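J.: What follows is a structure written as structure tokens; I'll ask about it next.
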Amino acid sequence: MESACYIQSHPYAGNLQGADIYRTSTLSSPAAPRTPKPDMTRAPQQPTCKIITDPCTGRTYSKGRLLGKGGFARCYEMTEISTNKIYAVKVIPHSRVAKPHQREKIVNEIELHRDLSHKHVVKFSHYFEDAENIYIFLEICSRKSLAHIWKARHTLLEPEVRYYLKQIISGLKYLHLKGILHRDLKLGNFFINENMELKVGDFGLAARLEPLEQRKKTICGTPNYLAPEVLYRQGHGPESDVWSLGCVMYTLLCGTPPFETSDLKETYRCIKQVKFTLPACLSSAARHLIVGILKRSPSERLTLDQILEHEFFTKGYTPDKLPPSSCVMVPDLHPPNPARSLFTKVAKSLFGKNKSKAKKAPSEEKEEISKLVTGLVKTSICRQLSYKTVDGNEVAPVAGLALTASSSPVEALTEEASGKSVSRSIRGSLVGSSDAFEDCVTASGVMETALDVLKNCLSSMPKEEGKPTCLARHEPFVWVSKWVDYSNKYGFGYQLSNRSIGVLFNNGTHMVLPANHRNVHYNLTNSRHFVFPTSAVPEQLQGQMSILQYFASYMEKNLMKGGDLPCQEEGTKPLLLLLQWVKTEHALLMLFNNGTLQVNFYNDHTKLILCKPQDSYLLTYINRDRNSQTFLLSSLAETGCSADMLHRLKYAVKLLQQKAAC
Ligand code: ADP
């Protein structure tokens with residue numbers, strides 16, 4: 001039996017923290033004062049000031065920021081001066097619609113759009129022309145469109161997709177009832193207002209629904225989302241809008257359109273043959289629904305009502321509202337948590353209060369080391385695990401190997417991790433597995449060794465400050481370049497300098513995605529190691545896989561790399577696993593299965609890394625300026641080191657001593 005040491009999380013443990021949390025945009029001037037919380041979901045304000053007057057009514061509008069550009073139009077925020085009402089105004093220069101067919105498009109758009117009134121259709125207000133432009137006044141959707149959300153997020157969670165699709169379907173049902181086909185349903189035409197409500201917009205390609213034989217046979221729409229019958233020039237019907245809706249659903253869930261290829265002809269061929277793949281990450285309900293929508297024959301395609309009745313909608317959770325932060329980050333949707341949400345934490349870490357923590361007075365550092373450490377280890381410690389290095393264990397694929405509930409502890413652990421009951425057996429294409437670890441490396445073992453080594457070094461050091469010579473070249477080693485503590489819910493995520501991503505889950509299981517993303521390594525406590533192709537992760541592990549992917553994308557987007565040490569490519573080295581992490585008020589300590597110890601100090605981002613890539617121990621110090629120096633530990637013992645480094649070494653030793661005594 002492993003010795004499980006699970007210390008109750010201190011409130012701090014829940015703080016989402018990356019030691020190096022900065023928006024990349026602030027990197028060039030880290031010392032710059034923080035501006036009042038910017039709303040990342042909006043375009044920056046543009047200093048423009050122009051008054052537009054409606055020549056017929058005399059009403060005046062002040063032109064504000066540019067909202068976006070379209071085929072013919074530039075869209076600006078405009079405020080009616082007498083009422084302060086804000087509109088999105090499409091400004092179309094006459095010069096851009098000089099040709100009859102171009103003008104016809106605008107007239108058609110206005111004609112079809114002006115009478116529409118529905119909660120999920122962009123409201124057309126009015127329009128006028130002056131000598132230069134045509135102005136179309138629309139309900140403003142300040143949070144841009146699903147295209148912008150997709151750009152920031154790449155994939156959305158199923159509940160989010162349900163949330164948006166329900167609104168699209170509601171708007172689309174209304175349009176179809178009014179006898180209008182949209183004919184260009186795509187992410188960029190689903191606008192999002194201040195309250196995160198979706199509105200179908202851009203009626204530039206819309207048309208009245210005609211009887212089959214009278215339908216125009218023109219090919220219009222966005223190439224990726226064109227229905228087969230449109231490509232076959234059989235005309236566009238309501239079912240063709242449904243097809244596009246299926247493509248939208250697929251894109252939001254999978255990250256790319258179903259028929260996207262690098263070549264348009266090939267895309268059209270795939271559409272005509274309905275050739276697309278369903279990634280393993282999709283739920284079975286989502287797959288089933290997509291297949292029901294993307295039917296080659298329009299008559300076989302599900303109708304909008306049938307889509308709403310599908311189990312994807314009826315059995316899955318749909319939030320009533322999404323937080324605006326979900327435009328750029330994965331929302332915290334389940335289970336409902338009245339405590340501070342991830343997003344509050346992220347926002348605070350990025351823009352708010354938490355940063356003040358990072359600017360502690362230097363005098364604080366000069367406090368007695370023992371005083372600093374004593375009583376401060378109040379943050380979480382993950383269950384102590386023991387793993388064996390899994391080196392070269394990958395074996396030939398064993399396709400379709402099934403691990404049944406009774407034979408595998410995976411299920412129980414996943415169940416524990418997700419808090420859900422998992423009744424199905426795990427089925428996955430195992431690339432490899434290993435068990436019956438012999439010489440297990442334990443966190444306490446690593447801790448004891450590191451403590452001995454550092455204590456010896458400190459005790460041999462001369463009393464006075466020293467100037468050790470750093471190594472010009474040394475054996476490469478792997479270290480943590482980014483981390484995120486989300487242990488109040490899921491676990492601790494980290495990115496290594498070899499670009500692999502790992503998560504040590506609260507239940508003690510561990511998942512690692514190496515830099516090449518080919519396989520996923522899943523490690524069970526003290527016992528077994530599984531390797532799955534990334535495309536065939538068993539259903540029960542999908543939740544953990546999503547969390548890992550979330551951590552990866554969060555760290556990629558929001559965290560700055562921890563120093564100037566070279567990032568190493570993944571080699572044939574054994575898989576590096578985080579065994580344990582400990583947070584104090586001042587530092588984060590991490591222990592790895594190869595004996596590496598890393599201590600990150602929050603307030604000035606300095607770091608100590610003790611490792612033994614070959615025969616000798618190396619100690620790396622990454623200073624405030626993020627420059628790193630690597631020393632032979634033996635030379636430090638002889639010559640001593642800077643006061644800064646010494647202070648941190650002593651802190652690390654005290655911390656290790658305290659933990660070892662636990
Ligand atoms: P076009 O018909 O010329 O392609 P669009 O309707 O696509 O023009 O509008 C161009 C851009 O203007 C859009 O991509 C979007 O960024 C912005 N936009 C359009 N309508 C609105 C709206 N109602 N609220 C906010 N922004 C809008």
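We label chains A, B, ... in the order they appear in the structure tokens, count residues from 1 in each chain, and number ligands from 1 in the order shown.
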Sorted by chain and rising residue number, list the residues of chain A at most 8 Å from ligand 1 (counting only C-alpha atoms and all ligand atoms), each with its closest atom pair and distance in Å to one decimal, as a tab-separated table.

T.:
residue	atom	partner	partner_atom_place_in_ligand_line	distance
A:Leu67	CA	ligand 1	17 (C)	5.0
A:Gly68	CA	ligand 1	16 (O)	3.6
A:Lys69	CA	ligand 1	10 (C)	4.3
A:Gly70	CA	ligand 1	4 (O)	3.3
A:Gly71	CA	ligand 1	3 (O)	3.8
A:Phe72	CA	ligand 1	3 (O)	4.1
A:Ala73	CA	ligand 1	3 (O)	4.1
A:Arg74	CA	ligand 1	10 (C)	5.9
A:Cys75	CA	ligand 1	12 (O)	4.3
A:Tyr76	CA	ligand 1	12 (O)	7.4
A:Glu77	CA	ligand 1	25 (C)	7.5
A:Tyr87	CA	ligand 1	24 (N)	7.5
A:Ala88	CA	ligand 1	24 (N)	4.8
A:Val89	CA	ligand 1	21 (C)	7.3
A:Lys90	CA	ligand 1	19 (C)	6.7
A:Ile92	CA	ligand 1	3 (O)	7.8
A:Val122	CA	ligand 1	23 (N)	5.9
A:Lys123	CA	ligand 1	23 (N)	7.7
A:Leu138	CA	ligand 1	23 (N)	5.2
A:Glu139	CA	ligand 1	23 (N)	5.1
A:Ile140	CA	ligand 1	24 (N)	4.0
A:Cys141	CA	ligand 1	24 (N)	3.7
A:Ser142	CA	ligand 1	25 (C)	5.4
A:Arg143	CA	ligand 1	25 (C)	7.2
A:Lys144	CA	ligand 1	26 (N)	5.3
A:Ser145	CA	ligand 1	16 (O)	6.8
A:Gly188	CA	ligand 1	14 (O)	6.0
A:Asn189	CA	ligand 1	7 (O)	6.6
A:Phe191	CA	ligand 1	22 (C)	6.4
A:Ile192	CA	ligand 1	24 (N)	7.7
A:Asn193	CA	ligand 1	24 (N)	7.4
A:Gly201	CA	ligand 1	20 (N)	6.7
A:Asp202	CA	ligand 1	6 (O)	4.2
A:Phe203	CA	ligand 1	2 (O)	7.2
A:Gly204	CA	ligand 1	2 (O)	5.3

J.: Taking only region 76-274 of chain A into account, list the residues labelled strand (DSSP E or B) by DSSP (computed from the backbone), as a ChimeraX atom specification.

T.: /A:76-80,86-93,121,124-129,133-139,145,180-181,190-192,198-200,207-208

J.: Could you turn the residues from that selection into a file that holds N, CA and C atoms, as a compact mmCIF listing (two decimals), in the first residue's frame?

T.:
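Written out: result.txt:
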# COMPACT_ATOMS: atom_id res chain seq x y z
N TYR A 76 -18.82 50.42 -37.72
CA TYR A 76 -18.37 51.28 -36.62
C TYR A 76 -19.42 51.31 -35.52
N GLU A 77 -18.93 51.57 -34.33
CA GLU A 77 -19.84 51.86 -33.23
C GLU A 77 -20.24 53.32 -33.42
N MET A 78 -21.54 53.60 -33.39
CA MET A 78 -21.97 55.00 -33.51
C MET A 78 -22.99 55.30 -32.44
N THR A 79 -22.91 56.51 -31.90
CA THR A 79 -23.82 56.91 -30.84
C THR A 79 -24.73 58.03 -31.35
N GLU A 80 -26.02 57.81 -31.20
CA GLU A 80 -26.94 58.87 -31.59
C GLU A 80 -26.80 59.98 -30.55
N ILE A 86 -26.52 53.50 -28.68
CA ILE A 86 -25.35 53.03 -29.46
C ILE A 86 -25.78 51.99 -30.49
N TYR A 87 -25.24 52.11 -31.68
CA TYR A 87 -25.53 51.17 -32.76
C TYR A 87 -24.23 50.62 -33.33
N ALA A 88 -24.38 49.49 -34.01
CA ALA A 88 -23.29 49.04 -34.90
C ALA A 88 -23.73 49.51 -36.27
N VAL A 89 -22.88 50.27 -36.94
CA VAL A 89 -23.30 50.84 -38.22
C VAL A 89 -22.39 50.36 -39.33
N LYS A 90 -23.00 49.71 -40.29
CA LYS A 90 -22.23 49.26 -41.45
C LYS A 90 -22.13 50.45 -42.40
N VAL A 91 -20.92 50.85 -42.70
CA VAL A 91 -20.70 52.00 -43.57
C VAL A 91 -20.17 51.48 -44.90
N ILE A 92 -20.99 51.69 -45.94
CA ILE A 92 -20.62 51.14 -47.25
C ILE A 92 -20.38 52.31 -48.21
N PRO A 93 -19.14 52.54 -48.59
CA PRO A 93 -18.87 53.64 -49.52
C PRO A 93 -19.58 53.38 -50.86
N VAL A 121 -31.84 37.30 -33.68
CA VAL A 121 -31.48 37.84 -34.99
C VAL A 121 -31.06 39.30 -34.75
N PHE A 124 -32.34 45.05 -37.10
CA PHE A 124 -32.08 46.11 -38.07
C PHE A 124 -32.81 47.34 -37.56
N SER A 125 -32.14 48.48 -37.45
CA SER A 125 -32.81 49.67 -36.93
C SER A 125 -33.28 50.56 -38.09
N HIS A 126 -32.38 51.13 -38.81
CA HIS A 126 -32.73 52.00 -39.94
C HIS A 126 -31.52 52.18 -40.83
N TYR A 127 -31.68 52.87 -41.91
CA TYR A 127 -30.53 53.13 -42.78
C TYR A 127 -30.72 54.47 -43.48
N PHE A 128 -29.67 55.04 -43.94
CA PHE A 128 -29.74 56.23 -44.80
C PHE A 128 -28.45 56.33 -45.61
N GLU A 129 -28.47 57.26 -46.53
CA GLU A 129 -27.28 57.47 -47.37
C GLU A 129 -26.89 58.93 -47.29
N ASN A 133 -21.54 57.64 -48.39
CA ASN A 133 -21.78 56.26 -47.93
C ASN A 133 -23.25 55.88 -47.77
N ILE A 134 -23.44 54.58 -47.66
CA ILE A 134 -24.72 54.06 -47.19
C ILE A 134 -24.47 53.65 -45.74
N TYR A 135 -25.40 53.96 -44.84
CA TYR A 135 -25.22 53.61 -43.43
C TYR A 135 -26.36 52.69 -43.01
N ILE A 136 -25.99 51.51 -42.52
CA ILE A 136 -27.01 50.58 -42.03
C ILE A 136 -26.86 50.47 -40.52
N PHE A 137 -27.91 50.86 -39.80
CA PHE A 137 -27.85 50.89 -38.34
C PHE A 137 -28.39 49.59 -37.76
N LEU A 138 -27.54 48.91 -37.00
CA LEU A 138 -27.91 47.60 -36.45
C LEU A 138 -27.77 47.58 -34.94
N GLU A 139 -28.46 46.66 -34.35
CA GLU A 139 -28.28 46.40 -32.91
C GLU A 139 -26.80 46.06 -32.67
N SER A 145 -18.10 38.22 -32.58
CA SER A 145 -18.81 37.06 -33.12
C SER A 145 -18.20 35.75 -32.63
N ILE A 180 -37.23 32.91 -45.10
CA ILE A 180 -35.92 33.46 -45.46
C ILE A 180 -34.84 32.43 -45.21
N LEU A 181 -34.00 32.27 -46.22
CA LEU A 181 -32.83 31.40 -46.06
C LEU A 181 -31.63 32.30 -45.80
N PHE A 190 -22.44 34.93 -36.52
CA PHE A 190 -23.17 34.77 -35.26
C PHE A 190 -22.58 35.78 -34.28
N PHE A 191 -23.31 36.85 -34.10
CA PHE A 191 -22.80 37.96 -33.29
C PHE A 191 -23.17 37.75 -31.82
N ILE A 192 -22.34 38.30 -30.95
CA ILE A 192 -22.54 38.13 -29.50
C ILE A 192 -22.66 39.51 -28.87
N LEU A 198 -26.55 35.36 -28.38
CA LEU A 198 -26.16 35.22 -29.78
C LEU A 198 -27.23 35.77 -30.70
N LYS A 199 -26.80 36.44 -31.77
CA LYS A 199 -27.72 37.00 -32.76
C LYS A 199 -27.22 36.62 -34.15
N VAL A 200 -28.09 36.02 -34.92
CA VAL A 200 -27.71 35.70 -36.30
C VAL A 200 -27.73 37.01 -37.09
N ALA A 207 -31.79 34.96 -48.93
CA ALA A 207 -32.74 34.93 -50.06
C ALA A 207 -34.08 34.43 -49.56
N ARG A 208 -35.12 34.79 -50.33
CA ARG A 208 -36.44 34.26 -49.98
C ARG A 208 -36.50 32.79 -50.39

J.: Excluding Thr256 (chain A) and any residue of its chain fewer than 2 positions from it, enumerate the residues within 10 Å of it, using only C-alpha atoms, and give them as a tab-separated table (two decimals) with all heavy atoms, in the first residue's frame.

T.:
chain	number	residue	atom	x	y	z
A	150	TRP	N	-13.97	31.60	-31.36
A	150	TRP	CA	-13.30	30.39	-31.87
A	150	TRP	C	-11.80	30.64	-32.05
A	150	TRP	O	-10.97	29.79	-31.75
A	150	TRP	CB	-13.96	29.99	-33.19
A	150	TRP	CG	-13.27	28.85	-33.88
A	150	TRP	CD1	-13.32	27.54	-33.55
A	150	TRP	CD2	-12.40	28.96	-35.00
A	150	TRP	NE1	-12.54	26.80	-34.40
A	150	TRP	CE2	-11.97	27.65	-35.31
A	150	TRP	CE3	-11.97	30.03	-35.80
A	150	TRP	CZ2	-11.11	27.38	-36.36
A	150	TRP	CZ3	-11.11	29.76	-36.85
A	150	TRP	CH2	-10.69	28.44	-37.12
A	154	HIS	N	-10.38	28.07	-29.97
A	154	HIS	CA	-10.19	26.91	-30.85
A	154	HIS	C	-11.29	25.85	-30.69
A	154	HIS	O	-11.90	25.46	-31.67
A	154	HIS	CB	-8.82	26.30	-30.65
A	154	HIS	CG	-8.37	25.52	-31.83
A	154	HIS	ND1	-8.31	26.06	-33.09
A	154	HIS	CD2	-8.00	24.22	-31.97
A	154	HIS	CE1	-7.92	25.15	-33.94
A	154	HIS	NE2	-7.72	24.02	-33.29
A	155	THR	N	-11.49	25.35	-29.50
A	155	THR	CA	-12.63	24.46	-29.32
A	155	THR	C	-13.43	24.93	-28.10
A	155	THR	O	-12.88	25.52	-27.19
A	155	THR	CB	-12.20	22.99	-29.04
A	155	THR	OG1	-11.31	23.00	-27.94
A	155	THR	CG2	-11.56	22.36	-30.23
A	224	ASN	N	-16.23	26.26	-47.02
A	224	ASN	CA	-16.16	25.13	-46.11
A	224	ASN	C	-17.52	24.61	-45.67
A	224	ASN	O	-17.65	23.46	-45.29
A	224	ASN	CB	-15.38	25.53	-44.86
A	224	ASN	CG	-13.90	25.31	-45.03
A	224	ASN	OD1	-13.49	24.36	-45.68
A	224	ASN	ND2	-13.11	26.20	-44.48
A	247	CYS	N	-21.92	22.01	-39.80
A	247	CYS	CA	-20.49	22.35	-39.95
A	247	CYS	C	-20.04	23.27	-38.82
A	247	CYS	O	-18.93	23.15	-38.30
A	247	CYS	CB	-20.25	23.05	-41.29
A	247	CYS	SG	-20.56	21.97	-42.69
A	248	VAL	N	-20.94	24.18	-38.43
A	248	VAL	CA	-20.62	25.10	-37.33
A	248	VAL	C	-20.44	24.30	-36.04
A	248	VAL	O	-19.47	24.50	-35.30
A	248	VAL	CB	-21.75	26.16	-37.17
A	248	VAL	CG1	-21.66	26.88	-35.84
A	248	VAL	CG2	-21.70	27.15	-38.32
A	250	TYR	N	-19.63	21.19	-35.68
A	250	TYR	CA	-18.40	20.41	-35.78
A	250	TYR	C	-17.19	21.31	-35.51
A	250	TYR	O	-16.29	20.96	-34.73
A	250	TYR	CB	-18.32	19.79	-37.19
A	250	TYR	CG	-17.14	18.88	-37.40
A	250	TYR	CD1	-17.28	17.50	-37.45
A	250	TYR	CD2	-15.86	19.40	-37.57
A	250	TYR	CE1	-16.19	16.67	-37.64
A	250	TYR	CE2	-14.76	18.58	-37.78
A	250	TYR	CZ	-14.94	17.21	-37.81
A	250	TYR	OH	-13.86	16.39	-38.00
A	251	THR	N	-17.18	22.47	-36.14
A	251	THR	CA	-16.02	23.37	-35.99
A	251	THR	C	-15.84	23.79	-34.54
A	251	THR	O	-14.72	23.84	-34.03
A	251	THR	CB	-16.21	24.61	-36.89
A	251	THR	OG1	-16.51	24.15	-38.21
A	251	THR	CG2	-14.97	25.48	-36.92
A	252	LEU	N	-16.94	24.10	-33.89
A	252	LEU	CA	-16.84	24.55	-32.50
A	252	LEU	C	-16.34	23.44	-31.58
A	252	LEU	O	-15.61	23.68	-30.63
A	252	LEU	CB	-18.19	25.06	-32.00
A	252	LEU	CG	-18.67	26.38	-32.61
A	252	LEU	CD1	-20.06	26.73	-32.11
A	252	LEU	CD2	-17.70	27.52	-32.32
A	253	LEU	N	-16.76	22.22	-31.88
A	253	LEU	CA	-16.36	21.11	-31.00
A	253	LEU	C	-14.97	20.56	-31.34
A	253	LEU	O	-14.24	20.15	-30.45
A	253	LEU	CB	-17.38	19.96	-31.09
A	253	LEU	CG	-18.73	20.20	-30.42
A	253	LEU	CD1	-19.69	19.06	-30.75
A	253	LEU	CD2	-18.57	20.31	-28.90
A	254	CYS	N	-14.66	20.56	-32.62
A	254	CYS	CA	-13.41	19.90	-33.03
A	254	CYS	C	-12.28	20.87	-33.35
A	254	CYS	O	-11.13	20.46	-33.45
A	254	CYS	CB	-13.65	19.02	-34.26
A	254	CYS	SG	-15.01	17.87	-34.06
A	258	PRO	N	-15.36	20.56	-40.79
A	258	PRO	CA	-15.30	19.11	-41.09
A	258	PRO	C	-14.66	18.78	-42.43
A	258	PRO	O	-14.07	17.71	-42.57
A	258	PRO	CB	-16.78	18.69	-41.08
A	258	PRO	CG	-17.57	19.95	-41.21
A	258	PRO	CD	-16.74	21.03	-40.60
A	259	PHE	N	-14.78	19.69	-43.40
A	259	PHE	CA	-14.28	19.35	-44.74
A	259	PHE	C	-13.07	20.19	-45.14
A	259	PHE	O	-12.75	20.28	-46.31
A	259	PHE	CB	-15.42	19.49	-45.76
A	259	PHE	CG	-16.63	18.69	-45.38
A	259	PHE	CD1	-17.73	19.31	-44.81
A	259	PHE	CD2	-16.64	17.32	-45.54
A	259	PHE	CE1	-18.84	18.58	-44.43
A	259	PHE	CE2	-17.75	16.57	-45.15
A	259	PHE	CZ	-18.85	17.19	-44.59
A	260	GLU	N	-12.45	20.79	-44.17
A	260	GLU	CA	-11.34	21.68	-44.49
A	260	GLU	C	-10.15	20.89	-45.02
A	260	GLU	O	-9.73	19.89	-44.44
A	260	GLU	CB	-10.91	22.45	-43.25
A	260	GLU	CG	-9.92	23.54	-43.59
A	260	GLU	CD	-9.56	24.37	-42.36
A	260	GLU	OE1	-8.85	23.86	-41.49
A	260	GLU	OE2	-10.01	25.52	-42.30
A	261	THR	N	-9.65	21.35	-46.14
A	261	THR	CA	-8.38	20.81	-46.67
A	261	THR	C	-7.60	22.02	-47.17
A	261	THR	O	-8.11	23.14	-47.18
A	261	THR	CB	-8.61	19.84	-47.85
A	261	THR	OG1	-9.08	20.60	-48.96
A	261	THR	CG2	-9.58	18.73	-47.52

J.: Can you list, as a list in words, every protein, DNA or RNA residue that comes within 9 Å of Pro279 (chain A) when you count only C-alpha atoms, leaving out same-chain residues fewer than 6 positions away?

T.: Cys254, Arg287, Ser535 and Ala536 of chain A

J.: Take the selection from the previous step and output its residues with N, CA, C and O atoms, as an mmCIF file, in the first residue's frame.

T.:
data_model
loop_
_atom_site.group_PDB
_atom_site.id
_atom_site.type_symbol
_atom_site.label_atom_id
_atom_site.label_comp_id
_atom_site.auth_asym_id
_atom_site.auth_seq_id
_atom_site.Cartn_x
_atom_site.Cartn_y
_atom_site.Cartn_z
ATOM 1 N N CYS A 254 -14.662 20.561 -32.624
ATOM 2 C CA CYS A 254 -13.412 19.896 -33.035
ATOM 3 C C CYS A 254 -12.282 20.869 -33.349
ATOM 4 O O CYS A 254 -11.126 20.455 -33.452
ATOM 5 N N ARG A 287 -21.326 13.051 -31.764
ATOM 6 C CA ARG A 287 -21.025 12.358 -33.023
ATOM 7 C C ARG A 287 -22.305 11.994 -33.753
ATOM 8 O O ARG A 287 -22.445 12.226 -34.946
ATOM 9 N N SER A 535 -5.284 10.271 -30.150
ATOM 10 C CA SER A 535 -6.583 10.214 -30.819
ATOM 11 C C SER A 535 -7.478 9.120 -30.249
ATOM 12 O O SER A 535 -8.629 9.003 -30.645
ATOM 13 N N ALA A 536 -6.967 8.291 -29.385
ATOM 14 C CA ALA A 536 -7.785 7.177 -28.893
ATOM 15 C C ALA A 536 -7.707 7.057 -27.380
ATOM 16 O O ALA A 536 -7.538 5.956 -26.842
#

J.: Measuring atom to atom with only C-alpha atoms, identify which of A:Leu165, A:Met545, A:Val446, A:Ala147 is nearest to Lys659 (chain A).

T.: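 Of A:Leu165, A:Met545, A:Val446, A:Ala147, the one nearest Lys659 (chain A), counting only C-alpha atoms, is A:Val446.
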
J.: Hey, which of A:Lys463, A:Lys455, A:Arg269, A:His101 ends up closest to Ser642 (chain A)? Count only C-alpha atoms.

T.: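 Checking each of A:Lys463, A:Lys455, A:Arg269, A:His101 against Ser642 (chain A), counting only C-alpha atoms, the winner is A:Lys463.
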
J.: Please run DSSP on the backbone and report, as an MDAnalysis selection string, all residues within region 283-325 of chain A that come out as alpha helix (DSSP H).

T.: chainID A and resid 284:293 304:309 311:314

J.: Selection from above, N, CA, C and O atoms, as a compact mmCIF listing (two decimals), in the first residue's frame, can you write it?

T.:
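Final file, again03.txt:
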# COMPACT_ATOMS: atom_id res chain seq x y z
N SER A 284 -20.40 10.59 -27.68
CA SER A 284 -21.14 9.80 -28.67
C SER A 284 -22.39 10.54 -29.12
O SER A 284 -22.78 10.46 -30.29
N ALA A 285 -23.01 11.32 -28.22
CA ALA A 285 -24.21 12.08 -28.62
C ALA A 285 -23.85 13.12 -29.67
O ALA A 285 -24.57 13.30 -30.66
N ALA A 286 -22.72 13.78 -29.47
CA ALA A 286 -22.30 14.81 -30.42
C ALA A 286 -22.02 14.18 -31.78
O ALA A 286 -22.44 14.69 -32.82
N ARG A 287 -21.33 13.05 -31.76
CA ARG A 287 -21.02 12.36 -33.02
C ARG A 287 -22.31 11.99 -33.75
O ARG A 287 -22.44 12.23 -34.95
N HIS A 288 -23.21 11.43 -32.99
CA HIS A 288 -24.46 10.95 -33.57
C HIS A 288 -25.22 12.11 -34.19
O HIS A 288 -25.77 12.00 -35.29
N LEU A 289 -25.24 13.22 -33.49
CA LEU A 289 -25.97 14.38 -34.01
C LEU A 289 -25.30 14.92 -35.28
O LEU A 289 -25.97 15.21 -36.27
N ILE A 290 -23.99 15.02 -35.25
CA ILE A 290 -23.29 15.55 -36.43
C ILE A 290 -23.57 14.66 -37.64
O ILE A 290 -23.87 15.14 -38.74
N VAL A 291 -23.51 13.36 -37.41
CA VAL A 291 -23.78 12.42 -38.51
C VAL A 291 -25.22 12.60 -39.02
O VAL A 291 -25.47 12.55 -40.23
N GLY A 292 -26.13 12.87 -38.10
CA GLY A 292 -27.54 13.06 -38.50
C GLY A 292 -27.76 14.35 -39.27
O GLY A 292 -28.69 14.46 -40.07
N ILE A 293 -26.90 15.33 -39.05
CA ILE A 293 -27.04 16.60 -39.77
C ILE A 293 -26.30 16.56 -41.10
O ILE A 293 -26.81 16.99 -42.13
N LEU A 304 -34.54 21.20 -37.89
CA LEU A 304 -34.15 21.99 -36.72
C LEU A 304 -34.82 21.46 -35.45
O LEU A 304 -34.20 21.37 -34.40
N ASP A 305 -36.10 21.08 -35.57
CA ASP A 305 -36.80 20.55 -34.40
C ASP A 305 -36.21 19.22 -33.95
O ASP A 305 -36.05 18.96 -32.76
N GLN A 306 -35.90 18.38 -34.94
CA GLN A 306 -35.30 17.07 -34.59
C GLN A 306 -33.94 17.27 -33.91
O GLN A 306 -33.57 16.51 -33.01
N ILE A 307 -33.24 18.28 -34.35
CA ILE A 307 -31.92 18.55 -33.73
C ILE A 307 -32.12 18.90 -32.26
O ILE A 307 -31.43 18.39 -31.39
N LEU A 308 -33.09 19.76 -32.01
CA LEU A 308 -33.33 20.17 -30.62
C LEU A 308 -33.80 19.00 -29.75
O LEU A 308 -33.59 18.99 -28.54
N GLU A 309 -34.45 18.03 -30.40
CA GLU A 309 -34.93 16.87 -29.64
C GLU A 309 -33.85 15.80 -29.46
O GLU A 309 -34.06 14.81 -28.77
N GLU A 311 -30.61 13.74 -28.25
CA GLU A 311 -30.07 13.56 -26.89
C GLU A 311 -28.89 14.49 -26.58
O GLU A 311 -28.61 14.79 -25.43
N PHE A 312 -28.22 14.94 -27.63
CA PHE A 312 -27.12 15.89 -27.39
C PHE A 312 -27.65 17.10 -26.62
O PHE A 312 -26.99 17.62 -25.73
N PHE A 313 -28.88 17.50 -26.97
CA PHE A 313 -29.48 18.64 -26.27
C PHE A 313 -30.29 18.20 -25.06
O PHE A 313 -30.24 18.85 -24.02
N THR A 314 -31.04 17.10 -25.21
CA THR A 314 -31.96 16.75 -24.12
C THR A 314 -31.23 16.16 -22.91
O THR A 314 -31.67 16.30 -21.79

J.: So, counting only C-alpha atoms, which residue among A:Leu578, A:Cys270, A:Leu177, A:Ala515 is closest to Ala552 (chain A)?

T.: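 Between A:Leu578, A:Cys270, A:Leu177, A:Ala515, the residue approaching Ala552 (chain A) most closely is A:Ala515.
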